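**Q** Take this structure first; my questions come after.
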There are 2 protein chains.
Amino acid sequence: VALSAPLSARICQLNVELITIGDELLLGFTIDTNAAWLARELASFGVAVTRKSTCGDNIQEIVDTIRAALDRTGAVITTGGLGPTADDLTNESVAKLFDAEMELDQTVLDHLKALWTSRKRPGELPQANYKQAMIPRGAQVLKNNYGTAPGIFIEDKSGRWVATLPGVPSEMRGMFTESLRPILTERGSDRAKVIKSRTLRTVGVPESMLAERLSDLGQGFGGLSLAYLPHVDGVDIRLTSRDLPADEAEHALQMGANELYNRLDDIIYGEGDTELASLVLEMCRKGNLRLAVAESCTGGMLGGQITRIAGASDIFHGGLISYDNRVKRQLLGVLDSDIQEHGAVSEPVARQMAKGIRIRLGTEIGLSITGIAGPGGGTPEKPVGTVWIGIDVAEGRPPIPRPDGLPPITPFQEARLFHMVGSRDEIRQRSVQAALEFLRRSIASLIPSHT
Amino acid sequence: VALSAPLSARICQLNVELITIGDELLLGFTIDTNAAWLARELASFGVAVTRKSTCGDNIQEIVDTIRAALDRTGAVITTGGLGPTADDLTNESVAKLFDAEMELDQTVLDHLKALWTSRKRPGELPQANYKQAMIPRGAQVLKNNYGTAPGIFIEDKSGRWVATLPGVPSEMRGMFTESLRPILTERGSDRAKVIKSRTLRTVGVPESMLAERLSDLGQGFGGLSLAYLPHVDGVDIRLTSRDLPADEAEHALQMGANELYNRLDDIIYGEGDTELASLVLEMCRKGNLRLAVAESCTGGMLGGQITRIAGASDIFHGGLISYDNRVKRQLLGVLDSDIQEHGAVSEPVARQMAKGIRIRLGTEIGLSITGIAGPGGGTPEKPVGTVWIGIDVAEGRPPIPRPDGLPPITPFQEARLFHMVGSRDEIRQRSVQAALEFLRRSIASLIPSHT
């Protein structure tokens, strides 16, 4: 699938090749997610990836692969092979290629020792880690604030360079952002034409229906390309400008985004990396609303998703995982007669779970999920994927003041039936997203308006 | 991470290179899962992948990339670029490289037309699809039973060959299995030698300490290579046999696994895809033990992890997310004086949470987590990553019979302090794994023995 005609040299001044290193990648035991992340980051400031290669943990292979890439672009970023063990050979290979001695870097060694101590590991830094402090002479160290493996940036006299990053995604991302990106933005990247994107996030509508609603826009409009990026919890729509100067790209993206907001207002919840949970917490914070959850089929995932957001505790007080019906009755006050008559996955049970947890925890909002995640447990009337979500809102205990200018809370209850598709995991994740989105729309009137 | 010394020609009779084609891969909009899948499939019948490359949708790039790979191995498999649109160029590039004319293949065209009709599309087959029926002269068509794009297998006089597969994973997998694998198993692949692995899963010990405990084994022993695969929730150890016939490989792996079990009995919890949660549920089932959880910093993730396992409900009754201290006091009976004196992240609070939820839900086991996931909230005495885990075991309400031959439950409590490293997400995930592993070891005596 081409996203534009030949991507190579014509667009960006700086082309790089990516090389991911590790036998586990060649054997297929690990899926390479680093290359995709790096490519996106690089594109965001106008650096194009023209080729990716993967080679095994073998010095000659690594040297050959990097050399060929350098011959094509003069700029190479590697990931992997920076660990403490004998099979981590990347920096050594680069030293060989640049004909540089390996020497002990005291700053790196001190960092490794400090890390060892701060993690309260027993004894001294293991000998294996000393290897990580060996750096090719003349290379600049890229500090690793998230782990032990240090990266390097090394350049020869003709300006050809190699940067090495760790293979562990969290370490790689941190090192790129904090150490390598500043180096790259100073050199070579083309300020005249940039690759710029805006991503609008939608929830609750499958990709094919979304594409149908936007079918007249084809693969792009207004000089922008249009791409659908389906995730388990929703579909992102990415608008990309590829051959405009920065300010024109900005304008084109704004026009494009306006068009999408006009058409898809009912399903767009945010942009970029915005998480639904974070949006909901922000709204609750503005509206002085405290939140509690009661979960059945999701078993704690809703609470887990909300508490991914650091600082959730002022809003999110907690919840109950009522996996067993006895727990629904005894701790949430769900009527046994309703479970008998309508089943545990039903509107009255969802409503009573939401109300029960709200009263139990004294919050303003109770949010509940009860459903059939499968693979077993479905019936013709209630197939796998049947999910009821309930919301209960009223004044909390002890009451907290309403935000300026807003009337007291008029109590309300809502419940809605969803039919989720996918595997057990997918049904559960989609239920969590649906609950957050349902809540976001239900409490809009309780939040001070933006104006 | 290396799985053995140079992986290349010396091991398998047939080495191939993989090339994945598409701008969306270079731009990072798509994560390449095809290469990993293919590598595993090929390994299963003794074909080794020695390098992977990704290039964009441009004839010259594709030709150059395939040519270089052919020069190294003489055997190349590509994925992607077989669609109906103008940017799908793979078969055309291969034709150019093998100096073959493109010509219309009537069988492929008939297949495309039949597919169009059977999918109830309106009108005639679009002109764009005719392009897909153009095949390089002399190539063998690989039929696509799952979509429109046909693949090819083409070979020159010296026996160098290229096979092209579609980029859509389901189509690629089907075509490989049904059309390409039979071709490859007939030629070159070595039935006498297979690549076989066994993966042992450990939890709670970082990669470098694990490597130290096994340092005398180096990168392999007993004809097996040894590799460490760190994940956020533990480190897998993979033993691989590469140059033995199937039954000898089996035997070597058994010997190797025995050695590792002897040395690492305290941290190995299973093999292959075994999940800790599933093991714990299985043990509880054997021991007639019902489980409830109380979570603070993990906010529901422990319950979420346990309920990933379908059929958990007979064992797992539910839990409480006690994110707010008021919830710990009011619903779990944690003493306010202990929270004041020792803090919410402390041994007495972990113990009382475990006991509180066990009594509340009437289960035999209560399991609790309270910790500081960060990024804020740490102090010099209790840095981010400090996590207390508590276990409380006693007879449930109503009591259920003990398994045959086991004495009544003698109540016991345990609590343990952990220091987790990593991001907020990682600390939370590691806490969940640590709680499950702590529980697994604590209840071993309550389970009927295997004998």
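Chains: A, B, ... in order of the structure tokens. Residues: from 1 per chain. Ligands: from 1, in order shown.
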When DSSP is applied to the backbone of this structure, which of range 136-297 of chain A are assigned helix (DSSP H, G or I)? Write them out as a PyMOL selection string.
**A** chain A and resi 169-186+207-213+215-217+246-264+276-286
**Q** After a least-squares fit of chain B on chain A across every C-alpha pair in order, what's the RMSD, to one decimal?
**A**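 The root-mean-square deviation of C-alpha positions is 4.7 Å.
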**Q** Pick from A:Trp388, A:Trp37, A:Phe316, A:Trp116: nearest to Val280 in chain A, with only C-alpha atoms counted?
**A**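 For Val280 in chain A, the nearest of the candidates is A:Phe316.
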**Q** Any idea what's packed within 8 Å of Arg424 in chain A, counting only C-alpha atoms, ignoring anything in its chain fewer than 5 positions away? Could you give it as a ChimeraX atom specification?
**A** /A:373-375 /B:308,310
**Q** Chain B residues within 6 Å of chain A, counting only C-alpha atoms: which ones, as a compact mmCIF listing (two decimals) with N, CA and C atoms, in the first residue's frame?
**A**
# COMPACT_ATOMS: atom_id res chain seq x y z
N VAL B 1 19.50 -9.73 21.60
CA VAL B 1 19.49 -11.04 22.25
C VAL B 1 19.84 -12.12 21.24
N ALA B 2 20.87 -12.87 21.46
CA ALA B 2 21.27 -13.89 20.50
C ALA B 2 20.75 -15.24 20.94
N LEU B 3 20.34 -16.04 20.00
CA LEU B 3 19.87 -17.37 20.34
C LEU B 3 20.96 -18.39 20.08
N PRO B 6 26.56 -17.29 15.05
CA PRO B 6 26.05 -17.04 13.70
C PRO B 6 24.99 -18.02 13.23
N GLY B 22 6.13 -1.94 1.37
CA GLY B 22 5.01 -1.02 1.56
C GLY B 22 5.44 0.25 2.27
N ASP B 23 5.05 1.41 1.70
CA ASP B 23 5.34 2.69 2.35
C ASP B 23 4.79 2.76 3.76
N LEU B 26 7.26 1.62 6.21
CA LEU B 26 8.37 2.56 6.44
C LEU B 26 7.91 3.77 7.23
N LEU B 27 6.65 4.17 7.03
CA LEU B 27 6.14 5.33 7.76
C LEU B 27 5.70 4.95 9.16
N GLY B 28 5.65 3.66 9.43
CA GLY B 28 5.31 3.22 10.79
C GLY B 28 3.82 3.17 11.06
N ILE B 31 2.42 -2.10 11.78
CA ILE B 31 3.45 -2.91 12.40
C ILE B 31 3.52 -4.23 11.65
N ALA B 36 7.37 -12.01 11.35
CA ALA B 36 7.52 -12.88 12.51
C ALA B 36 6.78 -14.20 12.30
N ALA B 39 8.72 -16.33 9.80
CA ALA B 39 9.96 -16.86 10.35
C ALA B 39 9.70 -18.10 11.20
N ARG B 40 8.65 -18.05 12.01
CA ARG B 40 8.33 -19.21 12.84
C ARG B 40 7.91 -20.40 12.01
N VAL B 49 15.63 -17.91 8.50
CA VAL B 49 15.60 -16.55 7.96
C VAL B 49 16.89 -15.87 8.40
N ARG B 51 18.00 -12.71 7.13
CA ARG B 51 17.84 -11.27 7.21
C ARG B 51 16.43 -10.88 6.77
N LYS B 52 15.95 -9.74 7.31
CA LYS B 52 14.67 -9.19 6.87
C LYS B 52 14.90 -7.77 6.41
N SER B 53 14.21 -7.36 5.36
CA SER B 53 14.31 -5.97 4.92
C SER B 53 12.91 -5.46 4.61
N THR B 54 12.76 -4.15 4.72
CA THR B 54 11.51 -3.51 4.36
C THR B 54 11.83 -2.37 3.41
N CYS B 55 11.15 -2.30 2.28
CA CYS B 55 11.36 -1.17 1.39
C CYS B 55 10.03 -0.60 0.96
N ASP B 57 7.16 1.43 -1.78
CA ASP B 57 6.46 1.03 -3.00
C ASP B 57 7.07 1.73 -4.21
N ASN B 58 8.23 1.28 -4.63
CA ASN B 58 8.93 1.93 -5.72
C ASN B 58 9.72 0.85 -6.45
N ASP B 87 0.10 1.54 -6.96
CA ASP B 87 1.29 1.47 -6.12
C ASP B 87 1.64 0.03 -5.72
N GLY B 299 -5.47 -0.85 40.89
CA GLY B 299 -6.76 -0.30 40.47
C GLY B 299 -7.71 -1.23 39.74
N GLY B 300 -7.53 -2.55 39.86
CA GLY B 300 -8.43 -3.47 39.18
C GLY B 300 -7.69 -4.40 38.22
N MET B 301 -6.39 -4.12 37.99
CA MET B 301 -5.64 -4.91 37.00
C MET B 301 -5.45 -6.36 37.42
N GLY B 303 -7.60 -8.18 39.22
CA GLY B 303 -8.86 -8.83 38.86
C GLY B 303 -8.99 -8.98 37.36
N GLY B 304 -8.57 -7.95 36.63
CA GLY B 304 -8.64 -7.99 35.17
C GLY B 304 -7.79 -9.11 34.61
N THR B 307 -9.42 -12.54 35.40
CA THR B 307 -10.63 -12.81 34.62
C THR B 307 -10.37 -12.83 33.12
N HIS B 317 -14.30 -14.85 43.01
CA HIS B 317 -15.61 -14.30 43.33
C HIS B 317 -15.69 -12.80 43.13
N GLY B 318 -14.55 -12.14 43.14
CA GLY B 318 -14.58 -10.71 42.92
C GLY B 318 -13.57 -10.00 43.78
N GLY B 319 -13.76 -8.69 43.92
CA GLY B 319 -12.79 -7.95 44.70
C GLY B 319 -13.19 -6.52 44.87
N LEU B 320 -12.32 -5.82 45.57
CA LEU B 320 -12.60 -4.42 45.83
C LEU B 320 -11.40 -3.60 45.36
N ILE B 321 -11.71 -2.53 44.64
CA ILE B 321 -10.68 -1.57 44.26
C ILE B 321 -10.74 -0.46 45.30
N SER B 322 -9.81 -0.50 46.24
CA SER B 322 -9.86 0.46 47.35
C SER B 322 -8.83 1.55 47.10
N TYR B 323 -9.13 2.36 46.07
CA TYR B 323 -8.17 3.37 45.66
C TYR B 323 -8.09 4.49 46.70
N ASP B 324 -9.23 4.79 47.27
CA ASP B 324 -9.29 5.83 48.28
C ASP B 324 -9.18 5.20 49.68
**Q** Give me the residues within 9 Å of Gly159 in chain B as an MDAnalysis selection string, counting only C-alpha atoms and dropping any in the same chain fewer than 2 places off.
**A** chainID B and resid 74:75 155:157 161
**Q** Print the selection's residues with N, CA and C atoms to a file, as an mmCIF file, in the first residue's frame.
**A**
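And here's again-v6.cif as it stands now:
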data_model
loop_
_atom_site.group_PDB
_atom_site.id
_atom_site.type_symbol
_atom_site.label_atom_id
_atom_site.label_comp_id
_atom_site.auth_asym_id
_atom_site.auth_seq_id
_atom_site.Cartn_x
_atom_site.Cartn_y
_atom_site.Cartn_z
ATOM 1 N N GLY B 74 20.154 -16.437 -2.411
ATOM 2 C CA GLY B 74 19.553 -17.124 -3.558
ATOM 3 C C GLY B 74 18.104 -17.513 -3.332
ATOM 4 N N ALA B 75 17.511 -17.071 -2.221
ATOM 5 C CA ALA B 75 16.135 -17.466 -1.900
ATOM 6 C C ALA B 75 15.447 -16.330 -1.149
ATOM 7 N N GLU B 155 11.856 -18.804 -10.663
ATOM 8 C CA GLU B 155 13.190 -19.346 -10.430
ATOM 9 C C GLU B 155 14.032 -19.123 -11.683
ATOM 10 N N ASP B 156 15.332 -18.811 -11.518
ATOM 11 C CA ASP B 156 16.158 -18.683 -12.715
ATOM 12 C C ASP B 156 16.952 -19.968 -12.940
ATOM 13 N N LYS B 157 17.776 -19.962 -14.002
ATOM 14 C CA LYS B 157 18.458 -21.213 -14.384
ATOM 15 C C LYS B 157 19.409 -21.714 -13.320
ATOM 16 N N TRP B 161 15.559 -18.255 -6.477
ATOM 17 C CA TRP B 161 14.113 -18.072 -6.612
ATOM 18 C C TRP B 161 13.575 -16.957 -5.716
#
